[in-house]
Each structure stands twice: as structure tokens, then as C-alpha cells.
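Text of coords-v3.csv (CSV, C-alpha atoms) as supplied:
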```csv
chain,number,residue,atom,x,y,z
A,538,MET,CA,111.8,104.0,111.8
A,539,THR,CA,108.3,103.7,113.2
A,540,THR,CA,108.5,107.4,114.2
A,541,VAL,CA,109.3,108.4,110.7
A,542,ARG,CA,106.4,106.4,109.3
A,543,ILE,CA,103.9,107.8,111.7
A,544,PHE,CA,105.2,111.3,111.2
A,545,LEU,CA,104.8,111.0,107.4
A,546,GLY,CA,101.4,109.3,107.9
A,547,VAL,CA,100.2,112.4,109.8
A,548,ALA,CA,101.7,114.6,107.1
A,549,ALA,CA,99.9,112.8,104.4
A,550,ALA,CA,96.5,112.9,106.2
A,551,LYS,CA,96.9,116.6,107.0
A,552,LYS,CA,98.3,117.6,103.6
A,553,TRP,CA,101.5,119.1,105.2
A,554,GLU,CA,104.3,120.4,103.0
A,555,LEU,CA,107.5,118.4,103.6
A,556,HIS,CA,111.0,119.7,103.2
A,557,GLN,CA,114.4,118.2,103.9
A,558,MET,CA,117.6,119.7,105.2
A,559,ASP,CA,121.1,118.4,106.1
A,560,VAL,CA,123.5,119.7,108.6
A,561,HIS,CA,127.0,119.9,107.1
A,562,ASN,CA,129.6,118.2,109.3
A,563,ALA,CA,127.1,117.9,112.1
A,564,PHE,CA,129.6,116.0,114.3
A,565,LEU,CA,131.7,119.2,114.5
A,566,HIS,CA,128.9,121.0,116.3
A,567,GLY,CA,128.5,118.6,119.2
A,568,ASP,CA,131.3,119.6,121.6
A,569,LEU,CA,130.5,122.1,124.4
A,570,GLU,CA,133.3,124.0,126.1
A,571,GLU,CA,131.5,123.8,129.5
A,572,GLU,CA,128.8,121.8,131.1
A,573,VAL,CA,125.3,123.3,130.8
A,574,TYR,CA,122.5,122.7,133.2
A,575,MET,CA,119.0,124.0,132.3
A,576,LYS,CA,115.6,124.1,133.9
A,577,PRO,CA,112.4,125.9,133.0
A,578,PRO,CA,112.0,129.3,134.8
A,579,PRO,CA,109.2,129.6,137.4
A,580,GLY,CA,105.8,130.1,135.9
A,581,PHE,CA,106.9,128.7,132.5
A,582,LYS,CA,104.3,126.5,130.9
A,583,THR,CA,103.4,125.1,127.5
A,584,ASP,CA,101.6,127.6,125.2
A,585,ASP,CA,97.9,127.3,124.8
A,586,PRO,CA,97.5,124.9,121.8
A,587,THR,CA,94.4,126.8,120.7
A,588,LEU,CA,96.4,130.0,119.9
A,589,GLY,CA,97.3,130.4,116.2
A,590,SER,CA,96.7,128.1,113.3
A,591,SER,CA,100.2,127.4,112.0
A,592,GLU,CA,101.8,124.0,112.6
A,593,LEU,CA,105.5,123.3,112.2
A,594,TYR,CA,107.2,120.1,113.2
A,595,VAL,CA,110.8,118.9,112.8
A,596,LEU,CA,111.9,115.3,112.7
A,597,VAL,CA,115.6,114.9,113.3
A,598,TYR,CA,117.7,111.8,112.6
A,599,VAL,CA,121.4,112.6,113.4
A,600,ASP,CA,122.1,115.3,110.8
A,601,ASP,CA,119.1,114.8,108.6
A,602,LEU,CA,115.9,116.8,109.1
A,603,ILE,CA,112.4,116.6,107.8
A,604,ILE,CA,110.4,119.8,108.3
A,605,GLY,CA,106.7,119.6,107.9
A,606,GLY,CA,103.7,121.9,108.5
A,607,ASN,CA,100.7,123.7,107.1
A,608,ASP,CA,102.3,127.1,106.7
A,609,PRO,CA,104.9,127.4,103.9
A,610,ALA,CA,106.0,130.8,105.1
A,611,ALA,CA,106.7,129.5,108.6
A,612,ILE,CA,108.7,126.6,107.1
A,613,ALA,CA,110.8,128.9,104.9
A,614,GLU,CA,111.4,131.2,107.9
A,615,PHE,CA,112.5,128.3,110.1
A,616,GLN,CA,114.9,127.1,107.3
A,617,ALA,CA,116.4,130.5,107.1
A,618,TYR,CA,116.9,130.7,110.8
A,619,LEU,CA,118.6,127.3,110.9
A,620,SER,CA,121.0,128.4,108.2
A,621,THR,CA,122.1,131.3,110.4
A,622,CYS,CA,122.9,128.9,113.2
A,623,PHE,CA,124.6,126.0,111.3
A,624,HIS,CA,126.0,125.3,107.9
A,625,MET,CA,122.9,123.8,106.4
A,626,LYS,CA,122.1,122.3,103.0
A,627,ASP,CA,118.6,122.7,101.7
A,628,LEU,CA,117.6,119.6,99.9
A,629,GLY,CA,114.2,120.9,98.8
A,630,LYS,CA,111.0,118.9,99.0
A,631,LEU,CA,111.3,115.5,100.6
A,632,LYS,CA,112.2,112.8,98.1
A,633,TYR,CA,114.9,110.6,99.6
A,634,PHE,CA,115.4,110.1,103.3
A,635,LEU,CA,117.8,107.5,105.0
A,636,GLY,CA,117.9,105.4,101.8
A,637,ILE,CA,114.1,105.5,101.5
A,638,GLU,CA,112.5,106.9,98.3
A,639,VAL,CA,109.6,109.2,99.0
A,640,ALA,CA,107.0,109.9,96.3
A,641,ARG,CA,103.8,112.0,96.7
A,642,ASN,CA,100.6,112.2,94.8
A,643,PRO,CA,96.9,113.0,95.6
A,644,GLU,CA,96.5,109.5,97.1
A,645,GLY,CA,99.2,110.0,99.7
A,646,ILE,CA,102.9,109.4,100.4
A,647,PHE,CA,104.5,106.3,98.9
A,648,LEU,CA,107.7,104.9,100.6
A,649,CYS,CA,109.9,102.3,99.0
A,650,GLN,CA,113.5,101.2,98.6
A,651,ARG,CA,113.6,100.2,95.0
A,652,LYS,CA,117.2,101.2,94.3
A,653,TYR,CA,118.3,99.5,97.5
A,654,THR,CA,116.5,96.3,96.5
A,655,LEU,CA,118.0,96.3,93.0
A,656,ASP,CA,121.5,96.7,94.6
A,657,ILE,CA,120.8,93.6,96.8
A,658,ILE,CA,119.7,91.5,93.8
A,659,THR,CA,122.7,92.6,91.8
A,660,GLU,CA,125.2,91.9,94.6
A,661,THR,CA,123.9,88.4,95.2
A,662,GLY,CA,124.1,87.6,91.5
A,663,MET,CA,120.4,86.9,91.2
A,664,LEU,CA,119.5,89.1,88.3
A,665,GLY,CA,119.0,86.1,86.0
A,666,SER,CA,117.3,83.9,88.6
A,667,LYS,CA,113.7,82.7,88.6
A,668,GLN,CA,111.3,84.8,90.6
A,669,ALA,CA,109.6,83.5,93.7
A,670,THR,CA,105.9,84.5,94.4
A,671,PHE,CA,106.3,84.4,98.2
A,672,PRO,CA,109.4,84.9,100.3
A,673,MET,CA,109.6,81.7,102.4
A,674,GLU,CA,108.5,78.1,102.1
A,675,GLN,CA,105.9,76.7,104.5
A,676,GLN,CA,106.8,74.2,107.1
A,677,GLN,CA,110.5,74.8,106.7
A,678,LYS,CA,112.4,74.2,109.9
A,679,LEU,CA,115.6,76.1,109.4
A,680,ALA,CA,116.4,75.9,113.1
A,681,LEU,CA,116.9,72.1,112.7
A,682,ALA,CA,119.1,72.4,109.6
A,683,GLU,CA,122.2,70.2,109.7
A,684,GLY,CA,123.8,70.9,106.4
A,685,PRO,CA,127.5,72.1,106.1
A,686,LEU,CA,128.5,75.4,107.5
A,687,LEU,CA,129.0,78.3,105.0
A,688,GLY,CA,132.5,78.8,104.0
A,689,ASP,CA,132.0,82.6,104.0
A,690,PRO,CA,129.5,83.4,106.8
A,691,GLU,CA,130.2,87.2,106.4
A,692,ARG,CA,128.3,87.1,103.1
A,693,TYR,CA,125.2,85.7,104.8
A,694,ARG,CA,125.4,88.3,107.6
A,695,ARG,CA,125.8,91.1,105.1
A,696,LEU,CA,122.7,90.0,103.1
A,697,VAL,CA,120.5,89.5,106.2
A,698,GLY,CA,121.6,92.8,107.6
A,699,ARG,CA,120.5,94.5,104.3
A,700,LEU,CA,117.2,92.6,104.4
A,701,ILE,CA,116.6,93.9,108.0
A,702,TYR,CA,116.8,97.5,106.8
A,703,LEU,CA,114.7,96.7,103.7
A,704,ALA,CA,111.9,95.6,106.1
A,705,ALA,CA,111.5,99.2,107.1
A,706,THR,CA,109.2,99.7,104.1
A,707,ARG,CA,108.4,96.0,103.4
A,708,PRO,CA,106.2,94.4,106.1
A,709,ASP,CA,106.1,91.2,103.9
A,710,LEU,CA,109.8,90.6,104.8
A,711,THR,CA,109.4,90.9,108.6
A,712,TYR,CA,108.8,87.2,109.4
A,713,PRO,CA,111.5,85.9,106.9
A,714,VAL,CA,114.0,88.3,108.3
A,715,HIS,CA,113.1,87.3,111.9
A,716,VAL,CA,113.9,83.7,111.0
A,717,LEU,CA,117.1,84.3,109.0
A,718,SER,CA,118.6,86.6,111.6
A,719,GLN,CA,118.7,83.8,114.2
A,720,PHE,CA,121.6,82.1,112.3
A,721,MET,CA,124.1,84.9,112.0
A,722,LYS,CA,126.7,83.2,114.2
A,723,SER,CA,127.0,79.9,112.3
A,724,PRO,CA,124.9,80.0,109.1
A,725,ARG,CA,124.6,76.8,107.1
A,726,THR,CA,123.9,76.2,103.4
A,727,ASP,CA,120.2,75.7,104.0
A,728,HIS,CA,120.0,79.1,105.6
A,729,TRP,CA,121.8,80.7,102.6
A,730,LYS,CA,119.4,79.0,100.2
A,731,ALA,CA,116.4,80.4,102.2
A,732,ALA,CA,118.0,83.9,102.2
A,733,LEU,CA,118.4,83.6,98.4
A,734,ARG,CA,114.8,82.7,98.0
A,735,VAL,CA,113.9,86.0,99.7
A,736,VAL,CA,116.1,87.7,97.1
A,737,ARG,CA,114.3,85.8,94.3
A,738,TYR,CA,111.0,87.1,95.8
A,739,LEU,CA,112.4,90.7,95.7
A,740,LYS,CA,113.3,90.2,92.1
A,741,GLY,CA,109.6,90.2,91.3
A,742,THR,CA,108.7,93.1,93.6
A,743,PRO,CA,111.6,95.5,93.6
A,744,GLY,CA,109.4,98.6,93.7
A,745,GLN,CA,107.0,97.4,96.4
A,746,GLY,CA,106.5,99.7,99.4
A,747,ILE,CA,103.8,101.2,101.7
A,748,LEU,CA,101.3,103.9,100.9
A,749,LEU,CA,100.5,106.4,103.6
A,750,LYS,CA,97.0,107.5,102.5
A,751,SER,CA,95.8,111.1,102.5
A,752,ASP,CA,92.1,110.4,102.7
A,753,CYS,CA,91.9,108.7,106.1
A,754,ASP,CA,91.3,109.5,109.7
A,755,LEU,CA,94.0,109.4,112.3
A,756,LYS,CA,92.7,106.5,114.4
A,757,LEU,CA,95.1,103.7,115.5
A,758,HIS,CA,94.0,100.1,114.9
A,759,GLY,CA,96.1,97.2,115.9
A,760,TRP,CA,96.1,93.5,115.0
A,761,CYS,CA,98.0,90.9,117.1
A,762,ASP,CA,98.6,87.2,116.6
A,763,SER,CA,100.9,84.4,117.9
A,764,ASP,CA,101.7,80.9,117.0
A,765,TRP,CA,102.2,78.3,119.8
A,766,GLU,CA,105.6,76.7,120.5
A,767,GLY,CA,106.7,77.8,117.1
A,768,CYS,CA,110.5,77.5,117.8
A,769,PRO,CA,111.5,73.8,117.6
A,770,LEU,CA,114.5,74.3,119.8
A,771,THR,CA,113.2,76.5,122.7
A,772,ARG,CA,109.4,75.8,122.3
A,773,ARG,CA,108.8,79.6,122.7
A,774,SER,CA,106.1,81.2,120.7
A,775,VAL,CA,106.4,83.9,118.0
A,776,SER,CA,104.4,87.0,118.4
A,777,GLY,CA,103.4,89.4,115.6
A,778,TRP,CA,101.5,92.7,115.5
A,779,PHE,CA,100.5,95.2,112.9
A,780,VAL,CA,99.3,98.8,113.5
A,781,THR,CA,97.6,101.2,111.1
A,782,LEU,CA,97.0,104.9,111.4
A,783,GLY,CA,93.7,105.2,109.6
A,784,LEU,CA,94.4,103.1,106.5
A,785,SER,CA,98.2,103.7,106.6
A,786,PRO,CA,100.6,101.0,107.9
A,787,VAL,CA,102.9,102.5,110.5
A,788,SER,CA,104.2,99.8,112.8
A,789,TRP,CA,104.8,96.0,112.5
A,790,LYS,CA,106.9,93.5,114.4
A,791,THR,CA,107.8,89.8,114.7
A,792,LYS,CA,109.3,88.8,118.0
A,793,LYS,CA,110.0,85.5,119.8
A,794,GLN,CA,108.4,85.5,123.3
A,795,GLU,CA,110.7,85.6,126.3
A,796,VAL,CA,109.2,82.5,128.0
A,797,VAL,CA,107.4,79.3,127.1
A,798,SER,CA,103.6,79.6,127.0
A,799,HIS,CA,101.5,76.7,128.3
A,800,SER,CA,98.7,77.2,125.9
A,801,SER,CA,97.8,79.0,122.7
A,802,ALA,CA,95.6,81.3,124.7
A,803,GLU,CA,98.5,82.3,126.9
A,804,ALA,CA,100.7,82.9,123.9
A,805,GLU,CA,98.1,85.1,122.3
A,806,TYR,CA,97.5,87.0,125.6
A,807,ARG,CA,101.3,87.7,125.9
A,808,CYS,CA,101.2,89.0,122.3
A,809,MET,CA,98.3,91.3,123.1
A,810,SER,CA,100.3,92.8,126.0
A,811,LYS,CA,103.1,93.7,123.6
A,812,ALA,CA,100.7,95.1,121.1
A,813,VAL,CA,99.0,97.3,123.8
A,814,ARG,CA,102.4,98.8,124.7
A,815,GLU,CA,103.0,99.7,121.1
A,816,LEU,CA,99.6,101.3,120.7
A,817,LYS,CA,100.1,103.4,123.9
A,818,TRP,CA,103.5,104.6,122.6
A,819,LEU,CA,102.1,105.5,119.2
A,820,ARG,CA,99.3,107.4,120.9
A,821,ARG,CA,101.8,109.5,122.8
A,822,ILE,CA,103.6,110.3,119.5
A,823,LEU,CA,100.3,111.5,118.0
A,824,GLU,CA,99.8,113.7,121.1
A,825,ASP,CA,103.3,115.2,120.6
A,826,LEU,CA,102.2,116.0,117.0
A,827,GLY,CA,99.1,117.8,118.4
A,828,ILE,CA,96.6,115.1,117.6
A,829,SER,CA,94.3,114.1,120.4
A,830,HIS,CA,93.2,110.5,120.2
A,831,ASP,CA,89.8,110.7,121.9
A,832,THR,CA,88.4,107.4,120.5
A,833,LEU,CA,89.3,104.0,121.8
A,834,MET,CA,92.0,102.2,119.9
A,835,ASP,CA,90.9,98.9,118.3
A,836,LEU,CA,92.9,95.8,119.0
A,837,SER,CA,91.9,92.7,116.9
A,838,CYS,CA,92.7,89.2,118.0
A,839,ASP,CA,91.5,85.8,116.6
A,840,ASN,CA,91.7,83.9,119.9
A,841,GLN,CA,88.5,83.9,121.9
A,842,ALA,CA,90.2,82.5,125.0
A,843,ALA,CA,92.8,85.3,125.1
A,844,LEU,CA,90.1,87.9,124.7
A,845,TYR,CA,88.2,86.3,127.7
A,846,ILE,CA,91.4,86.5,129.8
A,847,ALA,CA,91.8,90.1,128.9
A,848,ALA,CA,88.2,91.0,129.8
A,849,ASN,CA,88.0,88.9,133.0
A,850,PRO,CA,90.1,90.2,136.0
A,851,VAL,CA,89.6,86.9,138.0
A,852,PHE,CA,92.6,84.6,138.3
A,853,HIS,CA,92.0,81.1,137.1
A,854,GLU,CA,93.9,77.9,137.5
A,855,ARG,CA,95.3,78.0,134.0
A,856,THR,CA,96.2,81.7,134.0
A,857,LYS,CA,97.4,82.5,137.6
A,858,HIS,CA,101.0,82.0,136.7
A,859,ILE,CA,101.1,84.7,134.0
A,860,GLU,CA,103.2,87.6,135.0
A,861,ARG,CA,101.4,90.7,136.2
A,862,GLU,CA,103.0,92.9,133.5
A,863,CYS,CA,101.0,91.0,130.9
A,864,HIS,CA,97.8,92.2,132.5
A,865,SER,CA,98.4,95.7,131.1
A,866,VAL,CA,95.8,94.7,128.6
A,867,ARG,CA,93.2,94.7,131.3
A,868,ASP,CA,94.4,98.1,132.6
A,869,ALA,CA,94.1,99.5,129.1
A,870,ILE,CA,90.6,98.2,128.7
A,871,VAL,CA,89.5,99.6,132.1
A,872,GLU,CA,91.2,103.0,131.3
A,873,LYS,CA,89.2,103.2,128.1
A,874,LEU,CA,92.3,103.2,125.9
A,875,ILE,CA,91.6,100.2,123.8
A,876,VAL,CA,88.7,98.0,122.8
A,877,THR,CA,89.3,94.4,121.8
A,878,ASN,CA,87.4,92.6,119.1
A,879,LYS,CA,87.4,89.1,117.6
A,880,VAL,CA,88.3,88.5,114.0
A,881,THR,CA,88.5,85.3,112.0
A,882,THR,CA,91.8,83.8,111.1
A,883,THR,CA,91.3,84.8,107.4
A,884,GLU,CA,90.8,88.4,108.6
A,885,GLN,CA,93.8,88.4,110.9
A,886,LEU,CA,96.3,90.7,109.2
A,887,ALA,CA,99.0,89.9,111.8
A,888,ASP,CA,99.0,86.2,110.7
A,889,ILE,CA,101.7,87.1,108.1
A,890,PHE,CA,104.1,88.1,111.0
A,891,THR,CA,103.9,84.7,112.8
A,892,LYS,CA,104.6,82.1,110.2
A,893,ALA,CA,105.4,81.4,106.5
A,894,LEU,CA,102.2,81.4,104.5
A,895,GLY,CA,101.3,79.7,101.2
A,896,ARG,CA,100.9,81.8,98.1
A,897,ARG,CA,97.1,82.2,98.3
A,898,GLU,CA,97.1,83.2,102.0
A,899,PHE,CA,100.1,85.4,101.5
A,900,GLU,CA,98.7,87.4,98.6
A,901,ASN,CA,95.3,87.7,100.4
A,902,ILE,CA,96.9,89.4,103.5
A,903,MET,CA,99.3,91.5,101.4
A,904,SER,CA,96.3,93.0,99.5
A,905,LYS,CA,95.1,94.4,102.9
A,906,LEU,CA,98.3,95.7,104.5
A,907,GLY,CA,98.4,99.0,102.6
A,908,THR,CA,101.3,97.9,100.4
A,909,CYS,CA,101.6,98.5,96.7
A,910,ASN,CA,104.1,97.9,94.0
A,911,LEU,CA,104.9,101.2,92.3
A,912,HIS,CA,108.0,102.6,90.6
A,913,ALA,CA,108.8,105.6,92.9
A,914,PRO,CA,110.7,108.3,91.1
A,915,THR,CA,114.2,109.0,92.5
```

Structure rendered as C-alpha cells:
Amino acid sequence: MTTVRIFLGVAAAKKWELHQMDVHNAFLHGDLEEEVYMKPPPGFKTDDPTLGSSELYVLVYVDDLIIGGNDPAAIAEFQAYLSTCFHMKDLGKLKYFLGIEVARNPEGIFLCQRKYTLDIITETGMLGSKQATFPMEQQQKLALAEGPLLGDPERYRRLVGRLIYLAATRPDLTYPVHVLSQFMKSPRTDHWKAALRVVRYLKGTPGQGILLKSDCDLKLHGWCDSDWEGCPLTRRSVSGWFVTLGLSPVSWKTKKQEVVSHSSAEAEYRCMSKAVRELKWLRRILEDLGISHDTLMDLSCDNQAALYIAANPVFHERTKHIERECHSVRDAIVEKLIVTNKVTTTEQLADIFTKALGRREFENIMSKLGTCNLHAPT
């Protein structure tokens, strides 16, 4: 889904037209009567990118297509060509894709899942419940819950599965979903209550989504943060990162680290390594879309010790055990791909992806993530 968000973010910034098509019975077109091997002929090379001014890109997800570009005539011609090759259905301008509602105005492209959210609230019987102002209580150790097992665990799995998909346009749900998804095998009553609290939070914000802004540059900026020994059972830390394209949120993640870190600086440094990988991958996607990212990508961290480890190539007593793969941060700095900078904890946008926050802190970060609560037309 990150690819979809960054594609639409570029489309918003470059004012592309967006159309949607569907391949009728696409699975019937997949069989080949014989094996086909292909290779480029001698002398074949990519066309000079400076030739022509028309841009046309196609994003394909199974049998759903988004066609975008700056030339309406080229888009129409391409749609007509596809219709001669396959049984296509022209769905017009992009409004609904993979369960995500898409609305466009001069400010940009707004993505939300309002109908999907209301379906979740209805199915859980929470329409008449009291709203929650933030999704998860602080200091709640669900991993240590010892209450009775749920009589119908499938109900819990179904709800958490739907929340996982809802997080595609709701970065505020990323950490709660990360926590709840750890108990799919044997959920208990405390886990079910925590999941219903998330639903009560959704009841107050059914139309919330992300705004991919049209008046911004196409520069990548990442934030990364980590707790230390956040899991009470494994003592592994939880990493979180958040990436914007200009002012548009395009990538976010909460993930438990693979090994135990011996210090908060080590945990933060491991998180920086994951964030750098994400930034490098997003940079390649932009290049595929014809956008050269000549400036350094910003990576913000609130741990001074981790920043020092990243900048200093010398092995020290406390860091010599860290796997070499984590030092990709240093390589990215040397290669002039990223530049790291120190931010305060209150300015750290990735903080919301590493722990449950109180109402004031939660609302403060939410106001800076590029989210908004609108009623997108369907």
C-alpha cells in the first residue's frame, strides 16, 4: 500500500489526472500455452528521458489499474488500446480503489476508509457506545494479561484483521494494531476489551484519513524512534518510523526488533537502520516515476548517542557487537544519501509508533502527521 500512497502523492504534487480501469475476469487471461523467454535485443536501451513532455504511468494491483499522467489525450489513447487487448471496464476518474475512498480538491488528494470504518463499528455493536479520544490506554501491559480466554477467538481475529487494513490510511492505528495482532492465537478478554476501545476511538473519527498535498515539494523526510525493552516477555524493543513526501504522509511502520538491545542508543540505532532502508527504497520508486531526488534525505532522531554512533565509524566497547548490517546508516551518510538531525522528544513524529500516548501528546502529534477528519464523498 505504500507504493499506492507515494504514487498518489506524486500525482497530487504534479497535478496529474487519475483514471481507474478494471480487467474483467483477469484470472482467465493468465494462462500461456507455451513457455516464453524474452531478453532485450542488442543495442536496446531506455529512451532518452528528455525527449517529449508527456508523462503516463500505470499502477497495477491484480486486476485494478490506476492510470495517471499530464496528458489527457495520451491517457485516453492508452485506455482505448487496453480495451482492444482485454475486456476492460472504464471506471472513470479515480474515486474508490481497494476499499479506499479517494477525494480530490485544490488542496490535494484525500484518502480515507469511512464506509469501511462504519462497517466495523456496526459489526461490533458499538454504534451506541461512548467515544474514546485516543485508541489505547497508557502503561497497559496486554502481554501480561491473565484473564479468561475468549470463547470465540475468531471474532477477535476478524476484528484485528480489519483494523490492520484500516491502518493503510490511519497512521494513528499503527501501534495499537501492532500490539493487538500479537494475541491472534489465544486472545483473552483483556485483549478483546482493548480492541473494542480502538473501535470506540474510531466511532469519533470515522472519516479520518491522510491528505496528500498538492502544494509541496517531492523531498523525502523520515523520522525514526524506538523504545527500549518495551516487550515485557522478550525484552525486545519496538521501532517506529514515519516518512513524508514533501508534506504528504506516505510510509509508516511499527515493528518489534529481532534481537534484544543492550541500551536505548543501540535500540535507536537499529531503528535508524530500518528507516534508512525504507528511505532508499522510496527513493528508487521516485526514480521509477521520473523524479530525481538530488537533495539529501532528512532522517530525524531524538537520541544523541545513536546519532553519534551513526556519524563515528570507529568501533567502541559498547557498540562493537552490533551487526554490520546495521551500519548501513553510516554508508548512507558517506554516500550523501541522507543527513541526520537531532529533534526533541516533543518534535519526534515517530513517537506515536512506539508506545501508547496520553491524550495531549497523542493529539499534538496527530496534528503534525498530515491527517485530517473529512467526509470523503463516495

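With CA of Arg772 in chain A on one side and CA of Tyr712 in chain A on the other, the separation reads 17.2 Å.
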
I'd like the neighbourhood of Glu674 in chain A as a list in words, where a residue qualifies if any of its atoms comes within 8 Å (using all atoms listed in the file), though same-chain residues fewer than 6 positions away should be ignored. Ala893, Leu894 and Gly895 of chain A

Report the closest atom pair, with its distance in Å rounded to one decimal, for each residue of range 762-804 of chain A that has an atom no farther than 6 Å from range 752-758 of chain A; count all atoms listed in the file, sort by chain and then rising residue number, and write it as a tab-separated table.
```
residue	atom	partner	partner_atom	distance
A:Val780	CA	A:His758	CA	5.6
A:Thr781	CA	A:His758	CA	5.3
A:Leu782	CA	A:Leu757	CA	4.7
A:Gly783	CA	A:Asp754	CA	4.9
```

Atoms kept (C-alpha atoms) for selection, written as a PDB file, keeping the file's coordinate frame:
```
ATOM      1  CA  VAL A 780      99.300  98.800 113.500  1.00  0.00           C
ATOM      2  CA  THR A 781      97.600 101.200 111.100  1.00  0.00           C
ATOM      3  CA  LEU A 782      97.000 104.900 111.400  1.00  0.00           C
ATOM      4  CA  GLY A 783      93.700 105.200 109.600  1.00  0.00           C
TER       5      GLY A 783
END
```

Expressed in Å to a single decimal, how great is the separation between CA of Cys649 in chain A and CA of Leu784 in chain A?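 Separating CA of Cys649 in chain A from CA of Leu784 in chain A is a distance of 17.2 Å.
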
Measuring atom to atom with only C-alpha atoms, identify which of A:Ile612, A:Thr832, A:Arg699, A:Phe899 is nearest to Leu874 in chain A.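 Among the listed residues, A:Thr832 lies closest to Leu874 in chain A.
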
Give me the residues near Glu803 in chain A as a list in words, where near means some atom within 10 Å (using only C-alpha atoms) and where sequence neighbours in that chain fewer than 3 positions away do not count.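 The neighbour list is Ser763, Trp765, Ser774, Val797, Ser798, His799, Ser800, Tyr806, Arg807, Cys808, Met809, Asn840, Ala842, Ala843, Ile846, Arg855, Thr856, Ile859 and Cys863 of chain A.
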
Residue neighbourhood range 821-824 of chain A, 12 Å, all atoms listed in the file, exclusion window fewer than 4 positions, as a compact mmCIF listing (two decimals) with C-alpha atoms, keeping the file's coordinate frame:
```txt
# COMPACT_ATOMS: atom_id res chain seq x y z
CA THR A 539 108.30 103.70 113.20
CA THR A 540 108.50 107.40 114.20
CA VAL A 541 109.30 108.40 110.70
CA ARG A 542 106.40 106.40 109.30
CA ILE A 543 103.90 107.80 111.70
CA PHE A 544 105.20 111.30 111.20
CA LEU A 545 104.80 111.00 107.40
CA GLY A 546 101.40 109.30 107.90
CA VAL A 547 100.20 112.40 109.80
CA ALA A 548 101.70 114.60 107.10
CA PRO A 586 97.50 124.90 121.80
CA LEU A 596 111.90 115.30 112.70
CA LEU A 755 94.00 109.40 112.30
CA LYS A 756 92.70 106.50 114.40
CA LEU A 757 95.10 103.70 115.50
CA LEU A 782 97.00 104.90 111.40
CA VAL A 787 102.90 102.50 110.50
CA ARG A 814 102.40 98.80 124.70
CA GLU A 815 103.00 99.70 121.10
CA LEU A 816 99.60 101.30 120.70
CA LYS A 817 100.10 103.40 123.90
CA ILE A 828 96.60 115.10 117.60
CA SER A 829 94.30 114.10 120.40
CA HIS A 830 93.20 110.50 120.20
CA ASP A 831 89.80 110.70 121.90
CA LEU A 874 92.30 103.20 125.90
```

Can you pull out every residue within 8 Å of Leu628 in chain A, counting all atoms listed in the file, but drop anything in the same chain fewer than 5 positions away, and send it as a VMD selection string? chain A and resid 556 to 559

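Using all atoms listed in the file, the nearest neighbour of Val597 in chain A within the list A:Met538, A:Ala804, A:Cys622, A:Ala610 is A:Met538.
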